[in-house]
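*Asks:* Structure file entry.pdb, PDB, C-alpha atoms, is pasted below:
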```pdb
MODEL        1
ATOM      1  CA  MET A   1       0.000   0.000   0.000
ATOM      2  CA  ASN A   2       1.350   3.408  -0.946
ATOM      3  CA  LYS A   3       2.085   5.907   1.816
ATOM      4  CA  ILE A   4       1.193   9.581   1.810
ATOM      5  CA  LEU A   5       3.305  11.735   4.114
ATOM      6  CA  VAL A   6       1.482  14.886   5.260
ATOM      7  CA  THR A   7       3.414  17.721   6.887
ATOM      8  CA  GLY A   8       1.666  20.491   8.806
ATOM      9  CA  ALA A   9      -0.937  17.944   9.856
ATOM     10  CA  ASN A  10      -2.273  20.053  12.743
ATOM     11  CA  GLY A  11      -3.339  22.925  10.511
ATOM     12  CA  GLN A  12      -6.610  23.474   8.666
ATOM     13  CA  LEU A  13      -5.698  21.492   5.554
ATOM     14  CA  GLY A  14      -3.794  18.836   7.479
ATOM     15  CA  ASN A  15      -6.762  18.170   9.730
ATOM     16  CA  GLU A  16      -9.101  17.904   6.749
ATOM     17  CA  LEU A  17      -6.739  15.311   5.272
ATOM     18  CA  ARG A  18      -6.908  13.473   8.612
ATOM     19  CA  ASP A  19     -10.705  13.486   8.339
ATOM     20  CA  ILE A  20     -10.558  11.936   4.875
ATOM     21  CA  ASP A  21      -8.231   9.246   6.216
ATOM     22  CA  ARG A  22     -10.632   8.545   9.112
ATOM     23  CA  SER A  23     -13.554   8.331   6.685
ATOM     24  CA  GLY A  24     -11.986   5.267   5.054
ATOM     25  CA  ARG A  25     -12.371   6.760   1.588
ATOM     26  CA  TYR A  26      -8.853   5.637   0.674
ATOM     27  CA  ALA A  27      -8.664   2.577   2.931
ATOM     28  CA  GLY A  28      -6.641  -0.190   1.340
ATOM     29  CA  ARG A  29      -5.175   2.266  -1.132
ATOM     30  CA  TYR A  30      -3.135   4.745   0.886
ATOM     31  CA  ALA A  31      -1.607   4.651   4.352
ATOM     32  CA  PHE A  32      -1.250   8.167   5.742
ATOM     33  CA  VAL A  33       1.680   9.360   7.839
ATOM     34  CA  PHE A  34       0.710  12.623   9.561
ATOM     35  CA  THR A  35       3.424  14.861  10.962
ATOM     36  CA  ASP A  36       3.705  18.290  12.469
ATOM     37  CA  VAL A  37       6.695  19.941  14.076
ATOM     38  CA  ALA A  38       6.685  17.542  17.038
ATOM     39  CA  GLU A  39       7.188  14.579  14.714
ATOM     40  CA  LEU A  40       9.261  16.211  11.972
ATOM     41  CA  ASP A  41      10.965  19.594  11.812
ATOM     42  CA  ILE A  42      10.847  20.303   8.087
ATOM     43  CA  THR A  43      13.393  23.116   8.489
ATOM     44  CA  ASP A  44      15.994  20.477   9.459
ATOM     45  CA  ARG A  45      17.353  19.149   6.176
ATOM     46  CA  ALA A  46      19.040  16.078   7.660
ATOM     47  CA  ALA A  47      15.971  15.152   9.712
ATOM     48  CA  VAL A  48      13.724  15.440   6.659
ATOM     49  CA  ARG A  49      16.013  13.255   4.554
ATOM     50  CA  ALA A  50      16.241  10.588   7.283
ATOM     51  CA  PHE A  51      12.482  10.576   7.899
ATOM     52  CA  VAL A  52      11.565  10.300   4.224
ATOM     53  CA  GLU A  53      14.153   7.600   3.595
ATOM     54  CA  ALA A  54      12.783   5.607   6.549
ATOM     55  CA  GLU A  55       9.092   5.991   5.613
ATOM     56  CA  ARG A  56       9.481   5.809   1.801
ATOM     57  CA  PRO A  57       6.209   7.601   0.981
ATOM     58  CA  ALA A  58       4.877   7.528  -2.560
ATOM     59  CA  TRP A  59       3.565  11.068  -2.032
ATOM     60  CA  ILE A  60       4.497  14.012   0.176
ATOM     61  CA  ILE A  61       1.845  16.698   0.730
ATOM     62  CA  ASN A  62       3.341  19.794   2.312
ATOM     63  CA  ALA A  63       0.510  21.447   4.221
ATOM     64  CA  ALA A  64       2.928  23.328   6.501
ATOM     65  CA  ALA A  65       3.585  27.037   6.058
ATOM     66  CA  TYR A  66       4.212  30.329   7.778
ATOM     67  CA  THR A  67       0.819  31.955   7.208
ATOM     68  CA  ALA A  68       0.880  34.928   9.622
ATOM     69  CA  VAL A  69       0.836  37.416   6.752
ATOM     70  CA  ASP A  70       1.311  40.588   8.787
ATOM     71  CA  ARG A  71       3.835  39.141  11.227
ATOM     72  CA  ALA A  72       5.943  37.940   8.293
ATOM     73  CA  GLU A  73       6.760  41.544   7.455
ATOM     74  CA  GLU A  74       8.887  41.692  10.616
ATOM     75  CA  ASP A  75       9.751  37.989  10.767
ATOM     76  CA  ALA A  76      11.036  37.503   7.232
ATOM     77  CA  GLU A  77      13.745  35.066   8.254
ATOM     78  CA  ARG A  78      11.275  32.626   9.810
ATOM     79  CA  ALA A  79       8.857  33.001   6.892
ATOM     80  CA  GLU A  80      11.701  32.259   4.472
ATOM     81  CA  LEU A  81      12.707  29.209   6.496
ATOM     82  CA  LEU A  82       9.225  27.658   6.544
ATOM     83  CA  ASN A  83       7.870  28.780   3.176
ATOM     84  CA  ALA A  84      10.976  28.324   1.057
ATOM     85  CA  GLN A  85      13.877  26.479   2.671
ATOM     86  CA  ALA A  86      11.628  23.787   4.184
ATOM     87  CA  VAL A  87      10.160  23.185   0.726
ATOM     88  CA  ARG A  88      13.673  22.805  -0.613
ATOM     89  CA  ASN A  89      14.391  20.212   2.090
ATOM     90  CA  LEU A  90      11.259  18.221   1.275
ATOM     91  CA  VAL A  91      11.870  18.367  -2.472
ATOM     92  CA  SER A  92      15.434  17.153  -1.994
ATOM     93  CA  ALA A  93      14.203  14.182   0.045
ATOM     94  CA  ALA A  94      11.443  13.450  -2.472
ATOM     95  CA  GLU A  95      13.923  13.486  -5.338
ATOM     96  CA  ALA A  96      16.287  11.167  -3.478
ATOM     97  CA  THR A  97      13.555   8.581  -2.862
ATOM     98  CA  GLY A  98      11.388   9.057  -5.958
ATOM     99  CA  ALA A  99       8.399  10.358  -4.007
ATOM    100  CA  ARG A 100       5.908  12.641  -5.705
ATOM    101  CA  PHE A 101       5.431  16.027  -4.127
ATOM    102  CA  ILE A 102       2.499  18.413  -3.624
ATOM    103  CA  GLN A 103       3.168  21.969  -2.467
ATOM    104  CA  ILE A 104       0.379  24.339  -1.413
ATOM    105  CA  SER A 105       0.785  27.945  -2.483
ATOM    106  CA  THR A 106      -1.237  31.138  -2.487
ATOM    107  CA  ASP A 107      -2.816  33.985  -4.423
ATOM    108  CA  TYR A 108      -0.334  36.316  -2.684
ATOM    109  CA  VAL A 109       2.302  35.386  -5.291
ATOM    110  CA  PHE A 110       0.488  37.794  -7.660
ATOM    111  CA  ASP A 111       0.648  41.580  -7.389
ATOM    112  CA  GLY A 112      -3.010  41.695  -6.325
ATOM    113  CA  ARG A 113      -4.084  44.332  -8.827
ATOM    114  CA  MET A 114      -7.474  43.870 -10.461
ATOM    115  CA  PRO A 115      -7.198  43.204 -14.226
ATOM    116  CA  ALA A 116      -9.069  45.675 -16.427
ATOM    117  CA  ASP A 117     -11.289  42.848 -17.677
ATOM    118  CA  ARG A 118     -11.773  41.396 -14.149
ATOM    119  CA  ARG A 119     -10.858  37.931 -15.378
ATOM    120  CA  PRO A 120      -9.749  35.117 -13.074
ATOM    121  CA  LEU A 121      -5.969  34.774 -12.803
ATOM    122  CA  ALA A 122      -4.478  31.857 -14.731
ATOM    123  CA  GLU A 123      -1.417  29.815 -13.840
ATOM    124  CA  SER A 124       0.430  31.489 -16.717
ATOM    125  CA  ASP A 125      -0.147  35.042 -15.470
ATOM    126  CA  PRO A 126       2.960  36.899 -14.260
ATOM    127  CA  THR A 127       3.681  36.889 -10.539
ATOM    128  CA  GLY A 128       4.726  39.909  -8.499
ATOM    129  CA  PRO A 129       4.287  39.465  -4.749
ATOM    130  CA  ARG A 130       3.937  42.625  -2.665
ATOM    131  CA  SER A 131       4.498  41.088   0.776
ATOM    132  CA  VAL A 132       7.110  38.969   2.527
ATOM    133  CA  TYR A 133       4.579  36.161   2.782
ATOM    134  CA  GLY A 134       3.910  36.196  -0.967
ATOM    135  CA  ALA A 135       7.599  36.450  -1.851
ATOM    136  CA  THR A 136       8.575  33.490   0.348
ATOM    137  CA  LYS A 137       5.706  31.365  -0.945
ATOM    138  CA  LEU A 138       6.764  32.131  -4.534
ATOM    139  CA  LYS A 139      10.289  31.032  -3.710
ATOM    140  CA  GLY A 140       8.856  27.795  -2.326
ATOM    141  CA  GLU A 141       6.910  27.301  -5.548
ATOM    142  CA  ARG A 142      10.096  27.582  -7.561
ATOM    143  CA  TYR A 143      11.882  25.016  -5.431
ATOM    144  CA  ALA A 144       8.948  22.643  -5.861
ATOM    145  CA  LEU A 145       8.652  23.134  -9.613
ATOM    146  CA  GLY A 146      12.379  22.491  -9.967
ATOM    147  CA  TYR A 147      11.500  18.837  -9.313
ATOM    148  CA  LYS A 148       9.801  17.185 -12.261
ATOM    149  CA  ARG A 149       7.437  15.108 -10.095
ATOM    150  CA  SER A 150       5.825  18.018  -8.247
ATOM    151  CA  PHE A 151       2.440  19.672  -8.156
ATOM    152  CA  VAL A 152       2.088  23.225  -6.903
ATOM    153  CA  VAL A 153      -1.518  24.125  -6.051
ATOM    154  CA  ARG A 154      -2.332  27.763  -5.355
ATOM    155  CA  THR A 155      -5.371  28.469  -3.238
ATOM    156  CA  ALA A 156      -6.949  31.462  -1.474
ATOM    157  CA  TRP A 157      -9.191  32.506   1.424
ATOM    158  CA  LEU A 158      -8.952  29.113   3.148
ATOM    159  CA  TYR A 159     -11.224  28.227   6.078
ATOM    160  CA  SER A 160     -12.221  25.081   7.950
ATOM    161  CA  THR A 161     -13.842  23.777  11.109
ATOM    162  CA  TYR A 162     -10.250  23.526  12.380
ATOM    163  CA  GLY A 163      -7.821  26.214  13.481
ATOM    164  CA  ASN A 164      -8.234  29.971  13.422
ATOM    165  CA  ASN A 165      -9.874  31.448  10.353
ATOM    166  CA  PHE A 166     -12.204  34.148   9.049
ATOM    167  CA  VAL A 167     -15.372  32.111   9.548
ATOM    168  CA  LYS A 168     -14.710  31.528  13.243
ATOM    169  CA  THR A 169     -13.656  35.143  13.764
ATOM    170  CA  MET A 170     -16.851  36.455  12.156
ATOM    171  CA  LEU A 171     -19.033  34.125  14.225
ATOM    172  CA  ARG A 172     -17.354  35.337  17.405
ATOM    173  CA  LEU A 173     -17.538  39.020  16.502
ATOM    174  CA  GLY A 174     -21.103  38.618  15.263
ATOM    175  CA  ALA A 175     -22.100  37.382  18.712
ATOM    176  CA  GLU A 176     -20.320  40.286  20.432
ATOM    177  CA  ARG A 177     -21.201  43.294  18.272
ATOM    178  CA  PRO A 178     -24.346  44.727  16.671
ATOM    179  CA  GLU A 179     -22.420  46.069  13.679
ATOM    180  CA  LEU A 180     -19.172  45.216  11.921
ATOM    181  CA  GLY A 181     -17.167  46.903   9.158
ATOM    182  CA  VAL A 182     -15.616  44.459   6.660
ATOM    183  CA  VAL A 183     -13.527  45.215   3.580
ATOM    184  CA  ALA A 184     -15.640  45.385   0.411
ATOM    185  CA  ASP A 185     -13.019  46.224  -2.231
ATOM    186  CA  GLN A 186     -10.984  43.006  -2.161
ATOM    187  CA  TRP A 187     -12.305  40.203  -4.371
ATOM    188  CA  GLY A 188     -11.647  36.482  -4.206
ATOM    189  CA  THR A 189     -13.226  33.121  -3.468
ATOM    190  CA  PRO A 190     -13.687  31.577  -0.014
ATOM    191  CA  THR A 191     -12.269  28.045  -0.090
ATOM    192  CA  TYR A 192     -13.291  25.213   2.216
ATOM    193  CA  ALA A 193     -10.162  23.290   3.208
ATOM    194  CA  ALA A 194     -12.100  20.005   3.063
ATOM    195  CA  ASP A 195     -12.728  20.583  -0.654
ATOM    196  CA  LEU A 196      -9.069  21.382  -1.253
ATOM    197  CA  ALA A 197      -7.994  18.258   0.650
ATOM    198  CA  ALA A 198     -10.306  16.102  -1.467
ATOM    199  CA  ALA A 199      -8.964  17.686  -4.654
ATOM    200  CA  LEU A 200      -5.329  17.031  -3.699
ATOM    201  CA  LEU A 201      -6.009  13.371  -3.021
ATOM    202  CA  ARG A 202      -7.971  13.080  -6.255
ATOM    203  CA  MET A 203      -4.946  14.447  -8.120
ATOM    204  CA  ALA A 204      -2.675  11.889  -6.466
ATOM    205  CA  ALA A 205      -5.094   9.041  -7.128
ATOM    206  CA  PHE A 206      -5.552  10.108 -10.760
ATOM    207  CA  CYS A 207      -1.797   9.933 -11.314
ATOM    208  CA  ASP A 208      -1.645   6.492  -9.704
ATOM    209  CA  GLU A 209      -4.565   5.314 -11.836
ATOM    210  CA  HIS A 210      -2.927   6.640 -15.014
ATOM    211  CA  PRO A 211       0.809   6.024 -14.536
ATOM    212  CA  GLU A 212       1.423   6.356 -18.251
ATOM    213  CA  ARG A 213       0.228   9.979 -18.088
ATOM    214  CA  ALA A 214       1.481  10.979 -14.667
ATOM    215  CA  GLU A 215       4.728  12.597 -15.733
ATOM    216  CA  GLU A 216       2.983  14.996 -18.114
ATOM    217  CA  LEU A 217       0.461  16.097 -15.473
ATOM    218  CA  PHE A 218       2.850  17.575 -12.918
ATOM    219  CA  GLY A 219       3.149  21.326 -12.652
ATOM    220  CA  LEU A 220       1.242  24.373 -11.468
ATOM    221  CA  TYR A 221      -2.509  24.504 -10.777
ATOM    222  CA  HIS A 222      -5.079  26.725  -9.097
ATOM    223  CA  TYR A 223      -7.805  25.483  -6.764
ATOM    224  CA  THR A 224     -10.442  27.467  -4.902
ATOM    225  CA  ASN A 225     -14.169  26.992  -4.665
ATOM    226  CA  GLU A 226     -16.241  28.483  -7.484
ATOM    227  CA  GLY A 227     -17.762  31.955  -7.461
ATOM    228  CA  ILE A 228     -16.593  35.444  -6.562
ATOM    229  CA  ALA A 229     -17.105  37.454  -3.377
ATOM    230  CA  THR A 230     -15.700  40.284  -1.319
ATOM    231  CA  TRP A 231     -14.757  39.822   2.324
ATOM    232  CA  CYS A 232     -17.916  41.790   3.103
ATOM    233  CA  ASP A 233     -20.027  39.323   1.076
ATOM    234  CA  PHE A 234     -18.315  36.432   2.853
ATOM    235  CA  ALA A 235     -18.941  37.936   6.299
ATOM    236  CA  SER A 236     -22.588  38.688   5.515
ATOM    237  CA  LYS A 237     -23.196  35.107   4.436
ATOM    238  CA  ILE A 238     -21.527  33.801   7.608
ATOM    239  CA  MET A 239     -23.796  35.966   9.765
ATOM    240  CA  ARG A 240     -26.921  34.766   7.953
ATOM    241  CA  ILE A 241     -26.042  31.079   8.164
ATOM    242  CA  GLY A 242     -24.867  31.443  11.765
ATOM    243  CA  GLY A 243     -27.980  33.324  12.863
ATOM    244  CA  ARG A 244     -25.973  36.306  14.089
ATOM    245  CA  ASN A 245     -27.925  39.531  14.567
ATOM    246  CA  CYS A 246     -25.009  41.642  13.368
ATOM    247  CA  THR A 247     -25.116  44.160  10.533
ATOM    248  CA  VAL A 248     -22.137  43.925   8.186
ATOM    249  CA  LYS A 249     -21.150  47.179   6.493
ATOM    250  CA  GLY A 250     -18.644  47.450   3.680
ATOM    251  CA  ILE A 251     -15.497  49.485   4.229
ATOM    252  CA  ALA A 252     -12.513  50.333   2.027
ATOM    253  CA  THR A 253      -9.110  48.672   2.345
ATOM    254  CA  ALA A 254      -7.724  52.126   3.134
ATOM    255  CA  ASP A 255      -9.951  52.204   6.236
ATOM    256  CA  TYR A 256      -8.362  49.021   7.588
ATOM    257  CA  PRO A 257      -4.580  49.382   7.181
ATOM    258  CA  THR A 258      -2.394  46.316   7.772
ATOM    259  CA  PRO A 259       1.399  45.812   7.807
ATOM    260  CA  ALA A 260       1.222  43.552   4.721
ATOM    261  CA  GLU A 261      -0.541  44.718   1.582
ATOM    262  CA  ARG A 262      -3.646  42.669   0.782
ATOM    263  CA  PRO A 263      -4.484  41.703  -2.813
ATOM    264  CA  ALA A 264      -7.435  43.558  -4.322
ATOM    265  CA  TRP A 265      -7.960  40.666  -6.761
ATOM    266  CA  SER A 266      -7.548  37.037  -5.681
ATOM    267  CA  VAL A 267      -9.932  35.347  -8.108
ATOM    268  CA  LEU A 268      -8.147  32.290  -9.528
ATOM    269  CA  SER A 269      -9.067  30.394 -12.687
ATOM    270  CA  LYS A 270      -9.801  26.712 -12.085
ATOM    271  CA  LYS A 271     -10.093  25.783 -15.767
ATOM    272  CA  LYS A 272      -6.810  23.870 -15.893
ATOM    273  CA  ILE A 273      -7.437  21.683 -12.846
ATOM    274  CA  ARG A 274     -11.020  20.987 -13.952
ATOM    275  CA  ASP A 275      -9.978  20.048 -17.473
ATOM    276  CA  VAL A 276      -7.021  17.858 -16.490
ATOM    277  CA  PHE A 277      -8.510  16.001 -13.520
ATOM    278  CA  GLY A 278     -12.245  16.241 -14.219
ATOM    279  CA  LEU A 279     -12.909  17.846 -10.853
ATOM    280  CA  GLU A 280     -16.346  19.076  -9.911
ATOM    281  CA  ILE A 281     -15.720  22.180  -7.810
ATOM    282  CA  PRO A 282     -18.498  23.342  -5.452
ATOM    283  CA  ASP A 283     -19.640  26.946  -5.247
ATOM    284  CA  TRP A 284     -18.285  28.772  -2.202
ATOM    285  CA  LYS A 285     -21.750  29.388  -0.731
ATOM    286  CA  GLU A 286     -22.610  25.686  -0.873
ATOM    287  CA  SER A 287     -19.323  24.722   0.790
ATOM    288  CA  LEU A 288     -19.730  27.377   3.472
ATOM    289  CA  VAL A 289     -23.088  25.860   4.439
ATOM    290  CA  ARG A 290     -21.471  22.418   4.713
ATOM    291  CA  CYS A 291     -18.627  23.726   6.864
ATOM    292  CA  MET A 292     -20.839  25.800   9.151
ATOM    293  CA  THR A 293     -23.301  22.944   9.602
ATOM    294  CA  ARG A 294     -20.410  20.977  11.087
ATOM    295  CA  LEU A 295     -19.059  23.938  13.007
ATOM    296  CA  LEU A 296     -22.363  24.895  14.649
ATOM    297  CA  LYS A 297     -23.310  21.389  15.792
TER
ENDMDL
END
```
Could you spell out this file's structure in structure tokens?

*Replies:*
Amino acid sequence: MNKILVTGANGQLGNELRDIDRSGRYAGRYAFVFTDVAELDITDRAAVRAFVEAERPAWIINAAAYTAVDRAEEDAERAELLNAQAVRNLVSAAEATGARFIQISTDYVFDGRMPADRRPLAESDPTGPRSVYGATKLKGERYALGYKRSFVVRTAWLYSTYGNNFVKTMLRLGAERPELGVVADQWGTPTYAADLAAALLRMAAFCDEHPERAEELFGLYHYTNEGIATWCDFASKIMRIGGRNCTVKGIATADYPTPAERPAWSVLSKKKIRDVFGLEIPDWKESLVRCMTRLLK
């Protein structure tokens, strides 16, 4: 049975991958090895090589990252270590053992400016990160894509029943305040981490089912849920589903300054991943209902 090594297993995506493992969906097909920093320090090159050589996974999914976007502006060294050098360590170990590699990346690798035609950003569009977080994630992408058996999957606006995220923050604030100002001039797509986890495993399984095609499939992809929203739209929907009696009012990005510049446009095209892997991608509103149904139980 093939092994899948998951790093960052205590985060949102890692926990959703744990849930899929517990569901038995891939029982008899994949054995999962879940690690976080207590089990494997991915910034330690020698430790990574030894661990991967001992476990011999067929796949490595790197769900670990430095995601504190604002803090990264003053903690660039740590962000670089986790988002770039750790990827390099994992890729080196994958290459040495023949494992296939999946790296998770972000919309922050783009410059965040809205295109004149408001079209979704394709994998081929030029990058131009405007934050330390985006720059270190782009460097990690390049390390991953330097290995011919790698996928890089960019995503955006991730949330889950696990960890700290926008959905949980809005539910808490909606219970505490009668009114809330939320940015209404940044556009993107809320993405349920459970959907992303399922897509990643479908990509791996597809390659294993079609070994004759696998080598040509590796490369760069985008995955978010379908649809377009602002953070204000997202917050309003959360309040409605969660039964919060809180009025959400749109504000401008300029009214909510942050250390790291936020992208005005984070809408990613999913055409490539749909066409190649035949994925059916749920609309963000549908996925939000599924997540919040679990969260509010």

*Asks:* So, with all atoms listed in the file as the atoms that count, which of A:Thr161, A:Ser131, A:Gln103, A:Ser269 lies closest to Gly219 (chain A)?

*Replies:* A:Gln103

*Asks:* Give, as JSON, the centre coordinates and the x, y and z edge lengths in Å to one decimal for an axis-aligned box around all listed atoms of region 260-274 of chain A, padded by 3 Å on each side.

*Replies:*
```
{"center_x": -4.9, "center_y": 32.9, "center_z": -5.6, "size_x": 18.2, "size_y": 29.7, "size_z": 26.6}
```

*Asks:* Starting from the displayed file, determine the output of the PyMOL selection byres ((chain A and resi 264) around 7) and express the residue list as a list in words.

*Replies:*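 For this structure, the PyMOL selection byres ((chain A and resi 264) around 7) captures Gly112, Arg113, Met114, Asp185, Gln186, Trp187, Arg262, Pro263, Trp265 and Ser266 of chain A.
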
*Asks:* Which of these residues is nearest to Asn89 (chain A), using all atoms listed in the file: A:Ala50, A:Ala9, A:Leu121, A:Leu200?

*Replies:*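 Among the listed residues, A:Ala50 lies closest to Asn89 (chain A).
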
*Asks:* Using only C-alpha atoms, which of A:Val69, A:Cys246, A:Ile273, A:Leu220 sits nearest Asp125 (chain A)?

*Replies:*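 Under the stated criterion, the closest residue is A:Leu220.
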
*Asks:* Apply the PyMOL selection byres ((chain A and resi 11) around 8) to the structure shown and report the selected residues as a list of chain:residue names.

*Replies:*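 Listing what the PyMOL selection byres ((chain A and resi 11) around 8) selects in the shown file: A:Gly8, A:Ala9, A:Asn10, A:Gln12, A:Leu13, A:Gly14, A:Asn15, A:Ala63, A:Ala64, A:Tyr162, A:Gly163.
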
*Asks:* Once you count only C-alpha atoms, which residues end up no further than 12 Å from (-21.8, 24.7, 11.7) in the file's frame, shown as a list in words?

*Replies:*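 Taken together, the residues in range are Ser160, Thr161, Tyr162, Val167, Lys168, Leu171, Ile238, Met239, Arg240, Ile241, Gly242, Gly243, Ser287, Leu288, Val289, Arg290, Cys291, Met292, Thr293, Arg294, Leu295, Leu296 and Lys297 of chain A.
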
*Asks:* If you measure from CA of Met170 (chain A) to CA of Lys285 (chain A), what distance in Å do you get, rounded to one decimal?

*Replies:*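 Distance between the two atoms: 15.5 Å.
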
*Asks:* Report as an NGL selection string the full result of the PyMOL selection byres ((chain A and resi 30) around 10) when it is applied to this structure.

*Replies:* :A and (1-4 or 21 or 24-29 or 31-33 or 57-59 or 201 or 205)

*Asks:* Write a file of the just-selected residues containing C-alpha atoms, as a PDB file, in the frame of the given file.

*Replies:*
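again02.pdb, freshly written:
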```pdb
ATOM      1  CA  MET A   1       0.000   0.000   0.000  1.00  0.00           C
ATOM      2  CA  ASN A   2       1.350   3.408  -0.946  1.00  0.00           C
ATOM      3  CA  LYS A   3       2.085   5.907   1.816  1.00  0.00           C
ATOM      4  CA  ILE A   4       1.193   9.581   1.810  1.00  0.00           C
ATOM      5  CA  ASP A  21      -8.231   9.246   6.216  1.00  0.00           C
ATOM      6  CA  GLY A  24     -11.986   5.267   5.054  1.00  0.00           C
ATOM      7  CA  ARG A  25     -12.371   6.760   1.588  1.00  0.00           C
ATOM      8  CA  TYR A  26      -8.853   5.637   0.674  1.00  0.00           C
ATOM      9  CA  ALA A  27      -8.664   2.577   2.931  1.00  0.00           C
ATOM     10  CA  GLY A  28      -6.641  -0.190   1.340  1.00  0.00           C
ATOM     11  CA  ARG A  29      -5.175   2.266  -1.132  1.00  0.00           C
ATOM     12  CA  ALA A  31      -1.607   4.651   4.352  1.00  0.00           C
ATOM     13  CA  PHE A  32      -1.250   8.167   5.742  1.00  0.00           C
ATOM     14  CA  VAL A  33       1.680   9.360   7.839  1.00  0.00           C
ATOM     15  CA  PRO A  57       6.209   7.601   0.981  1.00  0.00           C
ATOM     16  CA  ALA A  58       4.877   7.528  -2.560  1.00  0.00           C
ATOM     17  CA  TRP A  59       3.565  11.068  -2.032  1.00  0.00           C
ATOM     18  CA  LEU A 201      -6.009  13.371  -3.021  1.00  0.00           C
ATOM     19  CA  ALA A 205      -5.094   9.041  -7.128  1.00  0.00           C
TER      20      ALA A 205
END
```

*Asks:* Rounded to one decimal in Å, what is the spacing between CA of Gly128 (chain A) and CA of Asp107 (chain A)?

*Replies:* 10.4 Å

*Asks:* Suppose you want the space between CA of Tyr223 (chain A) and CA of Lys270 (chain A); what is it in Å?

*Replies:* 5.8 Å

*Asks:* Looking at all atoms listed in the file, which of A:Val267, A:Thr67, A:Val182, A:Phe218 is the one that sits closest to Thr155 (chain A)?

*Replies:*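 Using all atoms listed in the file, Thr155 (chain A) sits closest to A:Val267.
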
*Asks:* Just checking: using only C-alpha atoms, which residue out of A:Ser92, A:Ser124, A:Thr258, A:Thr136 ends up closest to Tyr108 (chain A)?

*Replies:*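 Of all the options, A:Thr136 lies closest to Tyr108 (chain A).
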
*Asks:* Here's a test: counting all atoms listed in the file, identify every protein, DNA and RNA residue with an atom at most 9 Å from (6.7, 27.3, -4.0) in the file's coordinate frame, and state them as a JSON list (two decimals) with C-alpha atoms, keeping the file's coordinate frame.

*Replies:*
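File produced: part.json:
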```
[["chain", "number", "residue", "atom", "x", "y", "z"],
["A", 83, "ASN", "CA", 7.87, 28.78, 3.18],
["A", 84, "ALA", "CA", 10.98, 28.32, 1.06],
["A", 87, "VAL", "CA", 10.16, 23.18, 0.73],
["A", 88, "ARG", "CA", 13.67, 22.80, -0.61],
["A", 103, "GLN", "CA", 3.17, 21.97, -2.47],
["A", 104, "ILE", "CA", 0.38, 24.34, -1.41],
["A", 105, "SER", "CA", 0.78, 27.94, -2.48],
["A", 106, "THR", "CA", -1.24, 31.14, -2.49],
["A", 136, "THR", "CA", 8.57, 33.49, 0.35],
["A", 137, "LYS", "CA", 5.71, 31.36, -0.94],
["A", 138, "LEU", "CA", 6.76, 32.13, -4.53],
["A", 139, "LYS", "CA", 10.29, 31.03, -3.71],
["A", 140, "GLY", "CA", 8.86, 27.80, -2.33],
["A", 141, "GLU", "CA", 6.91, 27.30, -5.55],
["A", 142, "ARG", "CA", 10.10, 27.58, -7.56],
["A", 143, "TYR", "CA", 11.88, 25.02, -5.43],
["A", 144, "ALA", "CA", 8.95, 22.64, -5.86],
["A", 145, "LEU", "CA", 8.65, 23.13, -9.61],
["A", 152, "VAL", "CA", 2.09, 23.22, -6.90]]
```

*Asks:* Would you please work out which residue, of A:Pro178, A:Thr7, A:Glu212, A:Leu81, is nearest to Val132 (chain A) when using all atoms listed in the file?

*Replies:*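 Of the candidates, the smallest distance to Val132 (chain A) is held by A:Leu81.
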
*Asks:* Residues at most 10 Å from Arg177 (chain A), counting all atoms listed in the file, excluding those fewer than 2 positions away in the same chain, as a PDB file with C-alpha atoms, keeping the file's coordinate frame?

*Replies:*
```pdb
ATOM      1  CA  ARG A 172     -17.354  35.337  17.405  1.00  0.00           C
ATOM      2  CA  LEU A 173     -17.538  39.020  16.502  1.00  0.00           C
ATOM      3  CA  GLY A 174     -21.103  38.618  15.263  1.00  0.00           C
ATOM      4  CA  ALA A 175     -22.100  37.382  18.712  1.00  0.00           C
ATOM      5  CA  GLU A 179     -22.420  46.069  13.679  1.00  0.00           C
ATOM      6  CA  LEU A 180     -19.172  45.216  11.921  1.00  0.00           C
ATOM      7  CA  ARG A 244     -25.973  36.306  14.089  1.00  0.00           C
ATOM      8  CA  ASN A 245     -27.925  39.531  14.567  1.00  0.00           C
ATOM      9  CA  CYS A 246     -25.009  41.642  13.368  1.00  0.00           C
ATOM     10  CA  THR A 247     -25.116  44.160  10.533  1.00  0.00           C
TER      11      THR A 247
END
```

*Asks:* With only C-alpha atoms as the counted atoms, please give the residues lying no more than 12 Å from Glu73 (chain A), apart from itself and same-chain residues fewer than 5 positions off, as number ranges by chain.

*Replies:* A: 66-68, 78-80, 130-136, 258-261

*Asks:* Counting only C-alpha atoms, what is within 6 Å of Ser150 (chain A), bar same-chain residues fewer than 6 positions away, as a PyMOL selection string?

*Replies:* chain A and resi 100-102+218

*Asks:* Just region 18-22 of chain A from the block, N, CA and C atoms, as an mmCIF file, in the first residue's frame, could you?

*Replies:*
```cif
data_model
loop_
_atom_site.group_PDB
_atom_site.id
_atom_site.type_symbol
_atom_site.label_atom_id
_atom_site.label_comp_id
_atom_site.auth_asym_id
_atom_site.auth_seq_id
_atom_site.Cartn_x
_atom_site.Cartn_y
_atom_site.Cartn_z
ATOM 1 N N ARG A 18 -6.694 14.492 7.567
ATOM 2 C CA ARG A 18 -6.908 13.473 8.612
ATOM 3 C C ARG A 18 -8.352 12.969 8.570
ATOM 4 N N ASP A 19 -9.296 13.881 8.390
ATOM 5 C CA ASP A 19 -10.705 13.486 8.339
ATOM 6 C C ASP A 19 -10.980 12.541 7.172
ATOM 7 N N ILE A 20 -10.372 12.820 6.026
ATOM 8 C CA ILE A 20 -10.558 11.936 4.875
ATOM 9 C C ILE A 20 -9.978 10.560 5.170
ATOM 10 N N ASP A 21 -8.823 10.525 5.819
ATOM 11 C CA ASP A 21 -8.231 9.246 6.216
ATOM 12 C C ASP A 21 -9.175 8.492 7.147
ATOM 13 N N ARG A 22 -9.717 9.195 8.154
ATOM 14 C CA ARG A 22 -10.632 8.545 9.112
ATOM 15 C C ARG A 22 -11.912 8.059 8.437
#
```
